[in-house]
Every structure is written in C-alpha cells, then in structure tokens.
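Listing of run.txt; format and content: compact mmCIF, C-alpha atoms and all ligand atoms.
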# COMPACT_ATOMS: atom_id res chain seq x y z
CA MET A 17 -3.22 42.07 12.19
CA THR A 18 -0.89 40.94 9.42
CA ALA A 19 -0.86 37.43 7.99
CA ASN A 20 2.43 36.72 9.78
CA ALA A 21 1.05 37.91 13.12
CA ILE A 22 -1.95 35.61 12.70
CA ARG A 23 0.37 32.74 11.85
CA ASP A 24 2.72 33.36 14.79
CA ALA A 25 0.17 34.15 17.51
CA ALA A 26 0.95 30.99 19.45
CA HIS A 27 4.66 31.41 20.00
CA ASP A 28 6.99 28.47 19.70
CA ASP A 29 10.71 28.08 19.19
CA LEU A 30 10.33 26.83 15.64
CA ALA A 31 10.57 30.21 13.93
CA PRO A 32 13.59 29.22 11.76
CA ILE A 33 11.79 26.14 10.39
CA ARG A 34 8.61 28.12 9.83
CA GLU A 35 10.53 30.85 8.01
CA SER A 36 12.29 28.35 5.74
CA VAL A 37 8.96 26.74 4.83
CA ARG A 38 7.49 30.17 4.07
CA ALA A 39 10.48 31.04 1.88
CA LEU A 40 10.07 27.82 -0.09
CA CYS A 41 6.30 28.25 -0.44
CA ALA A 42 6.76 31.79 -1.81
CA ASP A 43 7.94 30.14 -5.05
CA PHE A 44 4.57 28.37 -5.36
CA PRO A 45 1.94 31.11 -5.48
CA GLY A 46 -1.79 30.87 -6.11
CA GLU A 47 -1.50 30.65 -9.88
CA TYR A 48 0.66 27.50 -9.59
CA TRP A 49 -2.03 25.75 -7.50
CA ARG A 50 -4.87 27.06 -9.68
CA ARG A 51 -3.32 25.56 -12.80
CA LEU A 52 -2.81 22.20 -11.10
CA ASP A 53 -6.34 22.33 -9.73
CA ARG A 54 -7.78 22.93 -13.21
CA GLU A 55 -5.70 20.11 -14.66
CA ARG A 56 -6.05 17.85 -11.62
CA ALA A 57 -2.28 17.49 -11.83
CA TYR A 58 0.24 16.46 -9.17
CA PRO A 59 2.49 19.21 -7.79
CA GLU A 60 5.75 17.55 -8.87
CA GLU A 61 7.88 20.71 -8.56
CA PHE A 62 6.51 21.54 -5.11
CA VAL A 63 7.08 18.01 -3.78
CA ALA A 64 10.59 18.00 -5.29
CA ALA A 65 11.39 21.32 -3.61
CA LEU A 66 10.11 20.11 -0.22
CA THR A 67 12.10 16.91 -0.58
CA LYS A 68 15.28 18.74 -1.61
CA ALA A 69 14.96 21.04 1.38
CA GLY A 70 14.68 17.96 3.63
CA PHE A 71 11.20 18.78 4.96
CA LEU A 72 9.66 15.46 3.95
CA ALA A 73 12.43 13.62 5.80
CA ALA A 74 11.71 15.52 9.00
CA LEU A 75 10.74 12.44 10.98
CA ILE A 76 13.44 10.14 9.61
CA PRO A 77 16.21 9.73 12.21
CA GLU A 78 19.58 11.32 11.39
CA GLU A 79 21.30 7.91 11.31
CA PHE A 80 19.16 7.08 8.25
CA GLY A 81 19.74 10.40 6.51
CA GLY A 82 16.76 12.38 7.81
CA SER A 83 16.67 15.36 10.09
CA GLY A 84 15.28 13.51 13.13
CA LEU A 85 12.89 16.28 14.08
CA THR A 86 10.03 16.00 16.56
CA MET A 87 6.34 15.57 15.79
CA THR A 88 5.85 19.19 16.89
CA ALA A 89 8.34 20.35 14.26
CA ALA A 90 6.78 18.12 11.58
CA ALA A 91 3.37 19.55 12.47
CA ALA A 92 4.77 23.09 12.17
CA ILE A 93 6.06 22.27 8.66
CA MET A 94 2.67 20.98 7.52
CA GLU A 95 0.85 23.89 9.16
CA GLU A 96 3.07 26.48 7.43
CA ILE A 97 2.60 24.85 4.02
CA GLN A 98 -1.16 25.26 4.37
CA ALA A 99 -0.95 28.72 5.94
CA CYS A 100 0.97 29.85 2.84
CA GLY A 101 -1.90 28.75 0.59
CA CYS A 102 -0.06 25.64 -0.64
CA ASN A 103 -1.28 22.06 -0.19
CA GLY A 104 0.66 19.41 1.69
CA ALA A 105 -1.84 16.67 0.86
CA ALA A 106 0.35 15.83 -2.11
CA CYS A 107 3.02 14.47 0.20
CA HIS A 108 1.93 14.39 3.86
CA ALA A 109 1.72 10.59 3.92
CA GLN A 110 5.50 10.35 3.91
CA MET A 111 5.42 11.85 7.38
CA TYR A 112 2.45 10.07 8.85
CA THR A 113 3.33 6.57 7.61
CA MET A 114 6.83 6.97 9.00
CA GLY A 115 5.87 6.03 12.58
CA THR A 116 4.75 2.55 11.50
CA LEU A 117 8.06 1.88 9.78
CA LEU A 118 10.15 3.48 12.55
CA ARG A 119 8.38 1.83 15.45
CA HIS A 120 7.69 -1.60 14.00
CA GLY A 121 9.97 -2.07 10.97
CA SER A 122 13.10 -4.22 11.23
CA ILE A 123 16.56 -2.68 11.15
CA GLU A 124 17.04 -4.22 7.66
CA GLN A 125 13.86 -2.54 6.39
CA LYS A 126 14.93 0.79 7.82
CA LYS A 127 18.41 0.55 6.28
CA ARG A 128 16.95 -0.53 2.97
CA TYR A 129 14.33 2.18 2.58
CA LEU A 130 14.86 5.17 4.85
CA PRO A 131 18.06 6.63 3.34
CA GLY A 132 16.50 6.48 -0.17
CA ILE A 133 13.34 8.15 1.12
CA ALA A 134 15.40 10.83 2.87
CA ARG A 135 17.38 11.51 -0.33
CA GLY A 136 14.16 11.75 -2.32
CA GLU A 137 14.95 8.74 -4.51
CA LEU A 138 12.04 6.78 -3.10
CA ARG A 139 8.58 8.01 -2.23
CA LEU A 140 6.52 6.44 0.54
CA GLN A 141 3.27 8.26 -0.13
CA ALA A 142 0.60 5.56 -0.44
CA PHE A 143 -1.38 4.24 2.49
CA GLY A 144 -3.77 1.42 1.61
CA VAL A 145 -6.29 0.85 4.38
CA THR A 146 -9.80 1.91 3.30
CA GLU A 147 -11.83 -0.50 1.17
CA PRO A 148 -15.07 0.08 -0.71
CA THR A 149 -17.17 -2.36 1.32
CA SER A 150 -15.70 -1.99 4.81
CA GLY A 151 -15.44 1.82 5.01
CA THR A 152 -14.57 3.00 8.48
CA ASP A 153 -14.97 -0.53 9.83
CA THR A 154 -11.33 -1.45 9.17
CA LEU A 155 -11.60 -4.83 10.87
CA SER A 156 -14.00 -5.93 8.11
CA LEU A 157 -11.52 -5.35 5.34
CA ARG A 158 -11.43 -8.10 2.74
CA THR A 159 -8.08 -7.78 1.01
CA THR A 160 -6.20 -10.99 1.78
CA ALA A 161 -2.53 -11.92 1.80
CA VAL A 162 -1.96 -15.67 1.78
CA ARG A 163 1.48 -17.08 2.56
CA ASP A 164 3.03 -19.15 -0.22
CA GLY A 165 6.65 -20.11 0.48
CA ASP A 166 8.75 -16.94 0.66
CA THR A 167 5.95 -14.76 -0.64
CA TYR A 168 2.42 -13.67 0.11
CA ILE A 169 -0.25 -13.60 -2.60
CA VAL A 170 -2.43 -10.50 -2.28
CA ASN A 171 -5.98 -10.24 -3.63
CA GLY A 172 -8.56 -7.55 -3.08
CA GLN A 173 -9.21 -3.86 -3.53
CA LYS A 174 -8.52 -0.58 -1.76
CA ILE A 175 -10.22 2.73 -2.35
CA TRP A 176 -9.11 6.30 -1.73
CA THR A 177 -5.48 5.23 -1.83
CA SER A 178 -4.18 8.72 -2.35
CA ARG A 179 -0.97 9.43 -4.29
CA ALA A 180 -0.61 5.76 -5.39
CA GLU A 181 0.36 6.92 -8.89
CA HIS A 182 3.09 9.12 -7.44
CA SER A 183 4.54 6.72 -4.89
CA ASP A 184 7.15 3.97 -5.04
CA LEU A 185 6.09 2.31 -1.81
CA MET A 186 2.73 1.56 -0.23
CA LEU A 187 1.96 0.72 3.35
CA LEU A 188 -0.74 -1.90 2.91
CA LEU A 189 -3.05 -3.45 5.50
CA ALA A 190 -4.32 -6.91 4.52
CA ARG A 191 -5.91 -9.89 6.23
CA THR A 192 -3.55 -12.82 6.76
CA ALA A 193 -5.86 -14.92 8.97
CA PRO A 194 -9.64 -15.29 8.64
CA ARG A 195 -11.52 -13.23 11.19
CA GLU A 196 -13.18 -16.20 12.89
CA GLN A 197 -9.82 -17.94 13.47
CA ASN A 198 -8.34 -15.19 15.61
CA ALA A 199 -8.13 -15.15 19.37
CA SER A 200 -8.86 -11.43 19.50
CA ARG A 201 -11.13 -9.15 17.45
CA THR A 202 -8.22 -7.09 16.21
CA ALA A 203 -5.78 -9.88 15.28
CA GLY A 204 -5.22 -11.29 11.80
CA LEU A 205 -4.37 -8.10 9.92
CA THR A 206 -0.81 -7.55 8.70
CA VAL A 207 1.07 -4.50 7.44
CA PHE A 208 3.19 -4.84 4.30
CA LEU A 209 5.59 -2.37 2.77
CA VAL A 210 4.83 -3.03 -0.89
CA ASP A 211 7.32 -2.00 -3.55
CA MET A 212 4.88 -0.64 -6.11
CA ARG A 213 7.53 -0.24 -8.82
CA LYS A 214 7.80 -4.01 -9.08
CA ALA A 215 4.10 -4.63 -8.52
CA LYS A 216 2.55 -2.39 -11.19
CA GLY A 217 1.46 -4.54 -14.10
CA HIS A 218 2.15 -7.74 -12.12
CA GLY A 219 -1.04 -7.90 -10.10
CA LEU A 220 -1.34 -4.25 -9.05
CA THR A 221 -3.59 -1.89 -10.99
CA ILE A 222 -4.22 1.74 -10.07
CA ARG A 223 -7.21 3.77 -11.29
CA PRO A 224 -7.49 7.48 -10.50
CA ILE A 225 -10.67 8.88 -8.92
CA ARG A 226 -11.57 12.43 -9.85
CA THR A 227 -12.70 14.33 -6.76
CA MET A 228 -14.03 17.79 -5.92
CA MET A 229 -10.50 18.95 -5.17
CA ASN A 230 -7.12 18.09 -6.64
CA HIS A 231 -6.11 15.18 -4.42
CA ALA A 232 -4.48 12.50 -6.63
CA THR A 233 -6.57 9.79 -5.06
CA THR A 234 -7.13 6.35 -6.58
CA GLU A 235 -8.58 2.92 -6.27
CA VAL A 236 -6.13 0.04 -6.27
CA PHE A 237 -6.75 -3.53 -7.35
CA PHE A 238 -4.69 -6.54 -6.29
CA GLU A 239 -4.93 -9.66 -8.38
CA ASN A 240 -2.58 -12.44 -7.30
CA LEU A 241 0.10 -9.90 -6.50
CA ARG A 242 3.18 -11.61 -5.07
CA VAL A 243 4.82 -9.72 -2.23
CA PRO A 244 8.02 -11.03 -0.62
CA ALA A 245 7.70 -12.21 2.98
CA GLU A 246 10.34 -9.65 4.03
CA ALA A 247 7.82 -6.92 3.17
CA VAL A 248 5.91 -7.71 6.38
CA ILE A 249 6.32 -4.98 8.97
CA GLY A 250 6.55 -6.26 12.52
CA GLY A 251 4.63 -9.41 13.45
CA GLU A 252 2.17 -11.13 11.17
CA GLY A 253 -1.39 -10.56 12.41
CA GLU A 254 -0.38 -7.55 14.52
CA GLY A 255 -0.98 -4.91 11.86
CA PHE A 256 -4.16 -3.33 13.17
CA ARG A 257 -2.40 -2.22 16.35
CA TYR A 258 0.48 -0.69 14.34
CA ILE A 259 -1.88 1.14 11.99
CA LEU A 260 -3.89 2.50 14.92
CA SER A 261 -0.78 3.94 16.58
CA GLY A 262 0.29 5.38 13.21
CA MET A 263 -3.12 6.97 12.83
CA ASN A 264 -2.42 9.18 15.82
CA ALA A 265 0.48 10.70 13.88
CA GLU A 266 -1.77 11.11 10.86
CA ARG A 267 -4.43 12.86 12.92
CA ILE A 268 -1.96 15.25 14.53
CA LEU A 269 -0.30 16.17 11.23
CA ILE A 270 -3.60 16.67 9.43
CA ALA A 271 -4.91 18.69 12.36
CA ALA A 272 -1.85 20.92 11.96
CA GLU A 273 -2.67 21.30 8.27
CA CYS A 274 -6.20 22.36 9.23
CA ILE A 275 -4.74 24.98 11.58
CA GLY A 276 -2.65 26.25 8.67
CA ASP A 277 -5.73 26.40 6.44
CA ALA A 278 -7.69 28.26 9.12
CA LYS A 279 -4.85 30.78 9.47
CA TRP A 280 -4.81 31.31 5.70
CA PHE A 281 -8.59 31.92 5.57
CA ILE A 282 -8.50 34.23 8.59
CA ALA A 283 -5.59 36.26 7.19
CA LYS A 284 -7.26 36.50 3.81
CA ALA A 285 -10.60 37.59 5.32
CA THR A 286 -8.98 40.09 7.70
CA ALA A 287 -7.05 41.75 4.91
CA TYR A 288 -10.09 41.94 2.65
CA ALA A 289 -12.40 43.23 5.40
CA GLY A 290 -9.93 46.05 6.01
CA GLU A 291 -9.69 47.02 2.32
CA ARG A 292 -13.10 46.50 0.81
CA VAL A 293 -15.18 49.65 1.04
CA VAL A 294 -18.98 49.42 0.75
CA PHE A 295 -21.41 52.14 1.89
CA GLY A 296 -18.41 54.43 2.25
CA ARG A 297 -16.54 52.41 4.91
CA PRO A 298 -14.47 49.23 5.15
CA ILE A 299 -16.76 46.22 5.50
CA GLY A 300 -14.61 45.15 8.48
CA GLN A 301 -15.95 48.13 10.42
CA ASN A 302 -19.29 46.34 10.64
CA GLN A 303 -19.56 43.99 13.59
CA GLY A 304 -21.59 41.66 11.39
CA VAL A 305 -18.41 41.17 9.34
CA GLN A 306 -15.75 41.36 12.06
CA PHE A 307 -17.41 39.01 14.58
CA PRO A 308 -17.36 35.92 12.34
CA ILE A 309 -13.65 36.58 11.68
CA ALA A 310 -12.96 36.95 15.40
CA ARG A 311 -14.98 33.79 16.11
CA ALA A 312 -13.00 31.84 13.50
CA TYR A 313 -9.76 33.10 15.04
CA ILE A 314 -10.79 32.01 18.54
CA GLY A 315 -11.80 28.58 17.24
CA MET A 316 -8.48 28.20 15.44
CA ARG A 317 -6.42 29.22 18.50
CA ALA A 318 -8.29 26.78 20.77
CA ALA A 319 -7.80 23.94 18.29
CA GLU A 320 -4.13 24.85 17.94
CA LEU A 321 -3.62 24.27 21.67
CA MET A 322 -5.04 20.76 21.39
CA VAL A 323 -2.83 20.00 18.38
CA ARG A 324 0.22 21.04 20.38
CA GLU A 325 -0.84 18.96 23.37
CA ALA A 326 -1.38 15.90 21.17
CA ALA A 327 2.01 16.37 19.45
CA ALA A 328 3.78 16.78 22.80
CA LEU A 329 2.21 13.57 24.18
CA TYR A 330 3.07 11.71 20.95
CA GLU A 331 6.70 12.67 21.06
CA ALA A 332 6.92 11.82 24.76
CA GLY A 333 5.81 8.29 23.80
CA ARG A 334 2.60 8.62 25.82
CA ASP A 335 -0.87 7.52 24.86
CA CYS A 336 -2.36 10.34 22.80
CA GLY A 337 -5.37 8.63 21.19
CA ALA A 338 -7.90 10.98 22.80
CA GLU A 339 -5.87 14.14 22.19
CA ALA A 340 -5.01 13.20 18.59
CA ASN A 341 -8.69 12.59 17.86
CA MET A 342 -9.81 15.77 19.61
CA ALA A 343 -7.12 17.80 17.88
CA LYS A 344 -8.18 16.49 14.48
CA HIS A 345 -11.83 17.16 15.27
CA LEU A 346 -11.36 20.69 16.61
CA ALA A 347 -8.91 21.67 13.88
CA ALA A 348 -11.07 20.28 11.06
CA GLU A 349 -14.09 22.13 12.44
CA ALA A 350 -12.02 25.31 12.84
CA SER A 351 -10.68 25.21 9.28
CA TRP A 352 -14.13 24.53 7.84
CA ALA A 353 -15.69 27.35 9.89
CA ALA A 354 -12.90 29.70 8.77
CA ALA A 355 -13.40 28.64 5.14
CA ASP A 356 -17.12 29.37 5.28
CA MET A 357 -16.47 32.70 7.01
CA CYS A 358 -13.88 33.65 4.38
CA VAL A 359 -16.29 33.04 1.51
CA GLN A 360 -18.96 35.09 3.28
CA THR A 361 -16.54 37.94 4.00
CA HIS A 362 -15.57 38.12 0.34
CA GLY A 363 -19.13 38.11 -0.94
CA GLY A 364 -19.15 37.30 -4.66
CA PHE A 365 -15.37 37.39 -4.93
CA GLY A 366 -15.21 34.38 -2.61
CA PHE A 367 -16.39 32.37 -5.60
CA ALA A 368 -13.86 33.73 -8.08
CA GLU A 369 -11.11 31.27 -8.93
CA GLU A 370 -8.39 33.93 -8.90
CA PHE A 371 -8.92 34.61 -5.17
CA ASP A 372 -7.97 30.98 -4.33
CA ILE A 373 -10.66 30.88 -1.65
CA GLU A 374 -13.03 28.55 -3.46
CA ARG A 375 -10.10 26.16 -4.10
CA LYS A 376 -8.97 26.15 -0.47
CA PHE A 377 -12.65 25.87 0.58
CA ARG A 378 -12.99 22.66 -1.44
CA GLU A 379 -9.67 21.35 -0.17
CA THR A 380 -10.32 21.90 3.53
CA ARG A 381 -13.81 20.37 3.34
CA LEU A 382 -12.16 16.95 3.28
CA TYR A 383 -10.93 16.98 6.83
CA THR A 384 -14.17 16.44 8.72
CA VAL A 385 -14.51 13.22 6.67
CA ALA A 386 -10.96 11.94 6.23
CA PRO A 387 -8.75 10.51 7.60
CA ILE A 388 -11.51 9.89 10.13
CA SER A 389 -15.02 11.27 10.08
CA THR A 390 -16.49 13.40 12.83
CA ASN A 391 -18.92 10.74 14.05
CA LEU A 392 -16.14 8.25 14.55
CA VAL A 393 -14.11 10.75 16.59
CA LEU A 394 -17.15 11.42 18.75
CA SER A 395 -17.71 7.67 19.19
CA TYR A 396 -14.08 7.26 20.24
CA ILE A 397 -14.36 9.97 22.89
CA ALA A 398 -17.73 8.67 24.11
CA GLU A 399 -16.46 5.13 24.48
CA HIS A 400 -12.77 5.44 25.37
CA VAL A 401 -12.73 8.67 27.36
CA LEU A 402 -16.22 8.85 28.86
CA GLY A 403 -16.76 5.11 29.28
CA LEU A 404 -20.10 5.10 27.48
CA PRO A 405 -21.25 1.87 25.79
CA ARG A 406 -19.74 1.07 22.42
CA SER A 407 -22.26 2.09 19.78
CA TYR A 408 -21.15 -0.07 16.86
C1 LIG A 501 -9.95 12.44 -0.83
C2 LIG A 501 -9.82 11.30 0.10
C3 LIG A 501 -8.54 10.78 0.35
C4 LIG A 501 -8.38 9.67 1.16
N1 LIG A 501 -7.13 9.10 1.31
C5 LIG A 501 -7.02 7.89 1.91
C6 LIG A 501 -5.77 7.17 1.89
O1 LIG A 501 -4.76 7.66 1.36
N2 LIG A 501 -5.74 5.94 2.44
C7 LIG A 501 -6.84 5.35 3.00
O2 LIG A 501 -6.73 4.21 3.48
N3 LIG A 501 -8.03 6.01 3.06
C8 LIG A 501 -8.14 7.24 2.52
N4 LIG A 501 -9.36 7.91 2.52
C9 LIG A 501 -10.51 7.25 3.13
C10 LIG A 501 -11.03 7.97 4.37
O3 LIG A 501 -10.20 7.68 5.46
C11 LIG A 501 -12.48 7.52 4.55
O4 LIG A 501 -13.24 8.08 3.49
C12 LIG A 501 -13.03 7.96 5.87
O5 LIG A 501 -12.38 7.30 6.93
C13 LIG A 501 -14.52 7.65 5.96
O6 LIG A 501 -14.76 6.33 5.59
P1 LIG A 501 -15.83 5.96 4.45
O7 LIG A 501 -15.65 6.91 3.33
O8 LIG A 501 -15.72 4.53 4.13
O9 LIG A 501 -17.20 6.27 5.12
P2 LIG A 501 -18.21 5.22 5.82
O10 LIG A 501 -17.47 4.37 6.81
O11 LIG A 501 -18.97 4.54 4.76
O12 LIG A 501 -19.13 6.23 6.59
C14 LIG A 501 -20.07 7.10 5.91
C15 LIG A 501 -20.66 8.04 6.94
O13 LIG A 501 -21.35 7.30 7.94
C16 LIG A 501 -20.83 7.63 9.23
N5 LIG A 501 -20.82 6.41 10.06
C17 LIG A 501 -20.38 5.17 9.71
N6 LIG A 501 -20.51 4.33 10.74
C18 LIG A 501 -21.03 5.05 11.77
C19 LIG A 501 -21.36 4.74 13.13
N7 LIG A 501 -21.22 3.52 13.63
N8 LIG A 501 -21.85 5.74 13.89
C20 LIG A 501 -22.03 6.99 13.41
N9 LIG A 501 -21.71 7.35 12.13
C21 LIG A 501 -21.22 6.38 11.34
C22 LIG A 501 -19.45 8.17 9.01
O14 LIG A 501 -19.07 9.07 10.04
C23 LIG A 501 -19.59 8.88 7.66
O15 LIG A 501 -20.06 10.18 7.86
C24 LIG A 501 -9.53 9.06 1.77
C25 LIG A 501 -10.80 9.60 1.54
C26 LIG A 501 -10.94 10.69 0.71
C27 LIG A 501 -12.34 11.20 0.44
Spit out the file's structure as structure tokens when you get a sec.
Amino acid sequence: MTANAIRDAAHDDLAPIRESVRALCADFPGEYWRRLDRERAYPEEFVAALTKAGFLAALIPEEFGGSGLTMTAAAAIMEEIQACGCNGAACHAQMYTMGTLLRHGSIEQKKRYLPGIARGELRLQAFGVTEPTSGTDTLSLRTTAVRDGDTYIVNGQKIWTSRAEHSDLMLLLARTAPREQNASRTAGLTVFLVDMRKAKGHGLTIRPIRTMMNHATTEVFFENLRVPAEAVIGGEGEGFRYILSGMNAERILIAAECIGDAKWFIAKATAYAGERVVFGRPIGQNQGVQFPIARAYIGMRAAELMVREAAALYEAGRDCGAEANMAKHLAAEASWAAADMCVQTHGGFGFAEEFDIERKFRETRLYTVAPISTNLVLSYIAEHVLGLPRSY
C-alpha cells in the first residue's frame, strides 16, 4: 500500500484541500524539520507558507477575510500536515482558539482582529490557561485580573503557553472574582484577548522552556499588566464555559493531527518492511513484523472514525464533549502505538536522526498528556457519559 493509499483510505470529499496541503508540505522535507529540531527553532517559513495559502484562516468566516471552512476541513488540513512529516504544532492554536472568538467575541472584536489574522498580519497563537500550581484543575487557577477604571490589572503566571514568543495575541483565562464569592463553581473566570505586542516589557515577560521536542513553549509572567476592558471576550466571569467549548475544537484538531502522525508512521513502516531484506527476505514477510503494522493501521482507522464523528457534531452545533474527548484519546493512543511500532520495525535505524522517526516519535508522545491527559479523558467519560461518581 502506498503512502497516499494509507492517507486516503477513509474517503472524503476533501481531496482538493488535501492535495494542496501535500503540495505545500513537499517544500518542507525532513531535513528542514531536522535542522529546526536541532536548533529548537520556530518554523517561520512553514507558518508563512501556510498563512499565505490561507490554511490558517480556514475557520475564519469569509466576511472577515477567511475561507469559512468547516471543522472537518480544518481537521483534514491539520491531519495532512502531520501525515506529510511536517508539524502543525507551530500554528494549530490559530484554528482551535478561533471558536472562542467567533462564538463569544463581539462584532467589534471580530472586525478588529479577524481580517488581520486572515491576512497573516496578526498571529493568534498563544493560549494561556495552564498554570504551574493548578495543573489540570483549571478552576484553581490563580492569575487574577482586577478591574480598575477602563482597564484590568493582571497578575500571575502561566506555564506551557506555547508559541507565546511567536504570537501577537493571546487568549488568556484569568480570575476576575474570588472563588468563594461566586454563585457557581465555574463562575468568576474571564477570557481576555491580550495584545501581546503592547504588553511585552510592560508587565508581560515570556521565558522559553526547552522540551524533549521542538515545541516553542514558554512560561509567561504577568506583573501589573494593564489590559483594556474591551479585551474581555463575552461576559465577565463566564470564561470557563467559553474555554471548555473551545477545548472541544482543540481536541478534535489535535486528534486529527494524531491521525496524520499515525498515517506517517504506518506508511514509513510499511515501505521499510517491504524493502529491508534480512535472512534473505523482506522483513515484512514475517508475521511478527507485519502484524504490528496491521494492528497500528486498524487502531488508526478506528480512531479516524471517531474524529470524523466529533467534527461532524461540532459543526452541526451539537454537544460533542464526549466524542471530542474520545477522539482525542483514541487518536493519541493510535499515534503513539504507531510511533512505537515504527521504531521497532526499523530496528536500529529507527533511532537515526536522518530517518525522522525518532523526531516524530518525540513529537507525538505529547498527545496523551496535552492538551488533556488520558486520565482526565477517562474521568470525563466515567462521570459525564456513564454517570459514575465524580472522582476529583
Ligand atoms: C509541550 C506542551 C505544550 C502545552 N501547550 C499548552 C498551551 O499552549 N496552553 C496551555 O494552557 N497549556 C498547554 N500545555 C499544558 C497541558 O495542557 C497540560 O500539561 C496538561 O493538561 C496536563 O496538565 P499538567 O501538566 O498540569 O498535569 P497535572 O494536572 O499536574 O497532572 C499530572 C498527572 O496526574 C494525572 N492526574 C491529575 N489529576 C488526576 C485525577 N484527579 N485523577 C487521575 N489522574 C490525575 C494527570 O492525568 C497527569 O498524568 C502544554 C503542555 C505541554 C507539555
């Protein structure tokens, strides 16, 4: 089976989009990503090319200069990027933060920011939710935003704020009312669209964190940062709800990236198993080598179905919390299983930098931890789908 046949096994009507993404990615081969990986550098040229081609504006409505595509199409774009051996983590936030702005932003905010984002003059790539002390327990976050006239004063710290150094705007979740003062458990958090260009050096400090893969992630410090009141998205105190609904988009898009990764690993392993001759025959003739590849393929195809179901529910405006979580879980497991299988199939060469497998292996490892870890997905399903008692 060729790489393209593996990629296109689940037919959809998005072939033209998929082909354009493949054509663009062909200009960014393994050696490009290897160099960036060694230098822990940001893929400026790749992000510029995606932006110029309009892919990063896929979810921006046409009236604001985007292409107004569906979540299914956006997911196909992210999947293809990964399936080509590239890495969309450098810019995927622009797609998954979009729902929060589109669904809850005011018309003024949309007019002010979306056309610039669509043209590539502004980047909305930073998403500041996780904090060092609260971790997954978002409701315990400690970053505060206190109203002072026409501004809010922000103090606190975020961690793992990826791409902050390469973004103009940040979607920030901060506490605007003390936890004990709120009528409900989830009230009191507010979403801000922070203009980081004005904030850097005036209360906003960004420090990079070096990680096992090239991910441009950072920690961000707020010290009496003044943010204008018009930066609030939607209603004050309502932010947790907005972020949760946005997280479904994030899960679906990242699940699609995992499917792309799994396809890349499976294609790579299949090709190698057919070529590599040991004991006078291709290693892929041995069932001990072919079965793990077949198993990885089955896992990927099953996960792909759930990703499509979640995307279809999302774009129909229906509740997709369970499906988005399950899609992310199945796809992250499938990509990790395919990564492990691919290393094993390649034997020693799986560890050689020039094969790109060890790089993709490190990159895809992230997705059973972020943007939500496996245990938290399982807790969600146990509690919200199966009706079991809340465990935390
Ligand atoms: C490279 C990278 C990029 C990231 N980018 C961003 C970003 O751009 N923006 C952002 O806001 N965040 C980002 N994150 C943060 C990411 O979403 C979190 O790391 C992830 O949600 C897990 O949270 P945590 O690291 O605080 O783990 P913790 O919450 O400390 O959990 C640690 C472990 O304990 C488990 N655990 C915790 N509580 C329970 C429980 N009650 N039951 C069972 N198990 C439990 C978890 O599953 C996990 O395995 C990024 C993280 C990484 C590593």
With distances taken over all atoms listed in the file, the candidate from A:Lys174, A:Arg267, A:Arg54, A:Arg297 nearest Glu239 (chain A) is A:Lys174
Excluding same-chain residues fewer than 5 positions from Gln110 (chain A), what lies within 10 Å of it counting only C-alpha atoms, as a list in words?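 Everything that qualifies: Leu72, Ala73, Ala74, Leu75, Ile76, Gly115, Ile133, Ala134, Arg139, Leu140, Gln141, Ala142, Phe143, Ser183 and Leu185 of chain A.
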Hey, can you pull every residue with an atom no more than 8 Å from (-8.1, -12.0, 0.4), using all atoms listed in the file, and send it as a PyMOL selection string? chain A and resi 158-162+170-172+190-192
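Across A:Thr88, A:Thr227, A:Asn20, A:Thr286, the tightest approach to Arg381 (chain A) is made by A:Thr227 when counting only C-alpha atoms.
CA of Tyr258 (chain A) is found 18.0 Å from CA of Ala326 (chain A).
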Which distance in Å separates CA of Leu205 (chain A) and CA of Leu260 (chain A), to one decimal?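 CA of Leu205 (chain A) sits 11.7 Å away from CA of Leu260 (chain A).
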For CA of Met94 (chain A) and CA of Glu273 (chain A), the interatomic separation in Å (one decimal):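 About the pair CA of Met94 (chain A) and CA of Glu273 (chain A): they are 5.4 Å apart.
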Compile a residue-level contact table for chain A against ligand LIG 501 (chain A) at a cut-off of 10 Å, reporting for every qualifying residue the shortest atom pair and its distance in Å to one decimal, with only C-alpha atoms and all ligand atoms counted, rows ordered by chain and ascending number, as CSV.
residue,atom,partner,partner_atom,distance
A:Ala105,CA,A:LIG501,C3,8.9
A:His108,CA,A:LIG501,O1,9.8
A:Ala109,CA,A:LIG501,O1,7.6
A:Gln141,CA,A:LIG501,O1,8.2
A:Ala142,CA,A:LIG501,O1,6.0
A:Phe143,CA,A:LIG501,N2,4.7
A:Gly144,CA,A:LIG501,O2,4.5
A:Val145,CA,A:LIG501,O2,3.5
A:Thr146,CA,A:LIG501,O2,3.8
A:Glu147,CA,A:LIG501,O8,7.0
A:Pro148,CA,A:LIG501,O8,6.6
A:Thr149,CA,A:LIG501,O8,7.6
A:Ser150,CA,A:LIG501,O8,6.6
A:Gly151,CA,A:LIG501,O8,2.9
A:Thr152,CA,A:LIG501,O10,3.6
A:Asp153,CA,A:LIG501,O10,6.3
A:Thr154,CA,A:LIG501,O10,8.8
A:Lys174,CA,A:LIG501,O2,7.3
A:Ile175,CA,A:LIG501,N3,6.7
A:Trp176,CA,A:LIG501,C8,4.5
A:Thr177,CA,A:LIG501,O1,4.1
A:Ser178,CA,A:LIG501,O1,3.9
A:Arg179,CA,A:LIG501,O1,7.0
A:Ala180,CA,A:LIG501,O1,8.1
A:Met186,CA,A:LIG501,O1,9.8
A:Leu187,CA,A:LIG501,N2,9.3
A:Leu188,CA,A:LIG501,O2,8.6
A:Leu189,CA,A:LIG501,O2,8.7
A:Ile225,CA,A:LIG501,C1,8.9
A:Arg226,CA,A:LIG501,C1,9.2
A:Thr227,CA,A:LIG501,C1,6.8
A:Met228,CA,A:LIG501,C1,8.4
A:Met229,CA,A:LIG501,C1,7.8
A:Asn230,CA,A:LIG501,C1,8.6
A:His231,CA,A:LIG501,C1,5.9
A:Ala232,CA,A:LIG501,C1,8.0
A:Thr233,CA,A:LIG501,C3,5.8
A:Thr234,CA,A:LIG501,C3,8.3
A:Glu235,CA,A:LIG501,C6,9.6
A:Glu379,CA,A:LIG501,C1,8.9
A:Arg381,CA,A:LIG501,C27,9.7
A:Leu382,CA,A:LIG501,C27,6.4
A:Tyr383,CA,A:LIG501,C27,8.7
A:Thr384,CA,A:LIG501,O15,8.6
A:Val385,CA,A:LIG501,C12,5.5
A:Ala386,CA,A:LIG501,C10,4.4
A:Pro387,CA,A:LIG501,O3,3.8
A:Ile388,CA,A:LIG501,O5,4.2
A:Ser389,CA,A:LIG501,O14,4.6
A:Thr390,CA,A:LIG501,O14,5.8
A:Asn391,CA,A:LIG501,O14,4.3
A:Leu392,CA,A:LIG501,O14,5.4
A:Val393,CA,A:LIG501,O14,8.4
A:Leu394,CA,A:LIG501,C20,8.5
A:Ser395,CA,A:LIG501,N8,7.0
A:Arg406,CA,A:LIG501,N7,9.2
A:Ser407,CA,A:LIG501,N7,6.4
A:Tyr408,CA,A:LIG501,N7,4.8
Could you please give me, as number ranges by chain, the residues of protein, DNA or RNA lying at most 12 Å from (2.3, -18.2, -3.7) in the coordinate frame of the file, considering all atoms listed in the file? A: 161-171, 240-245
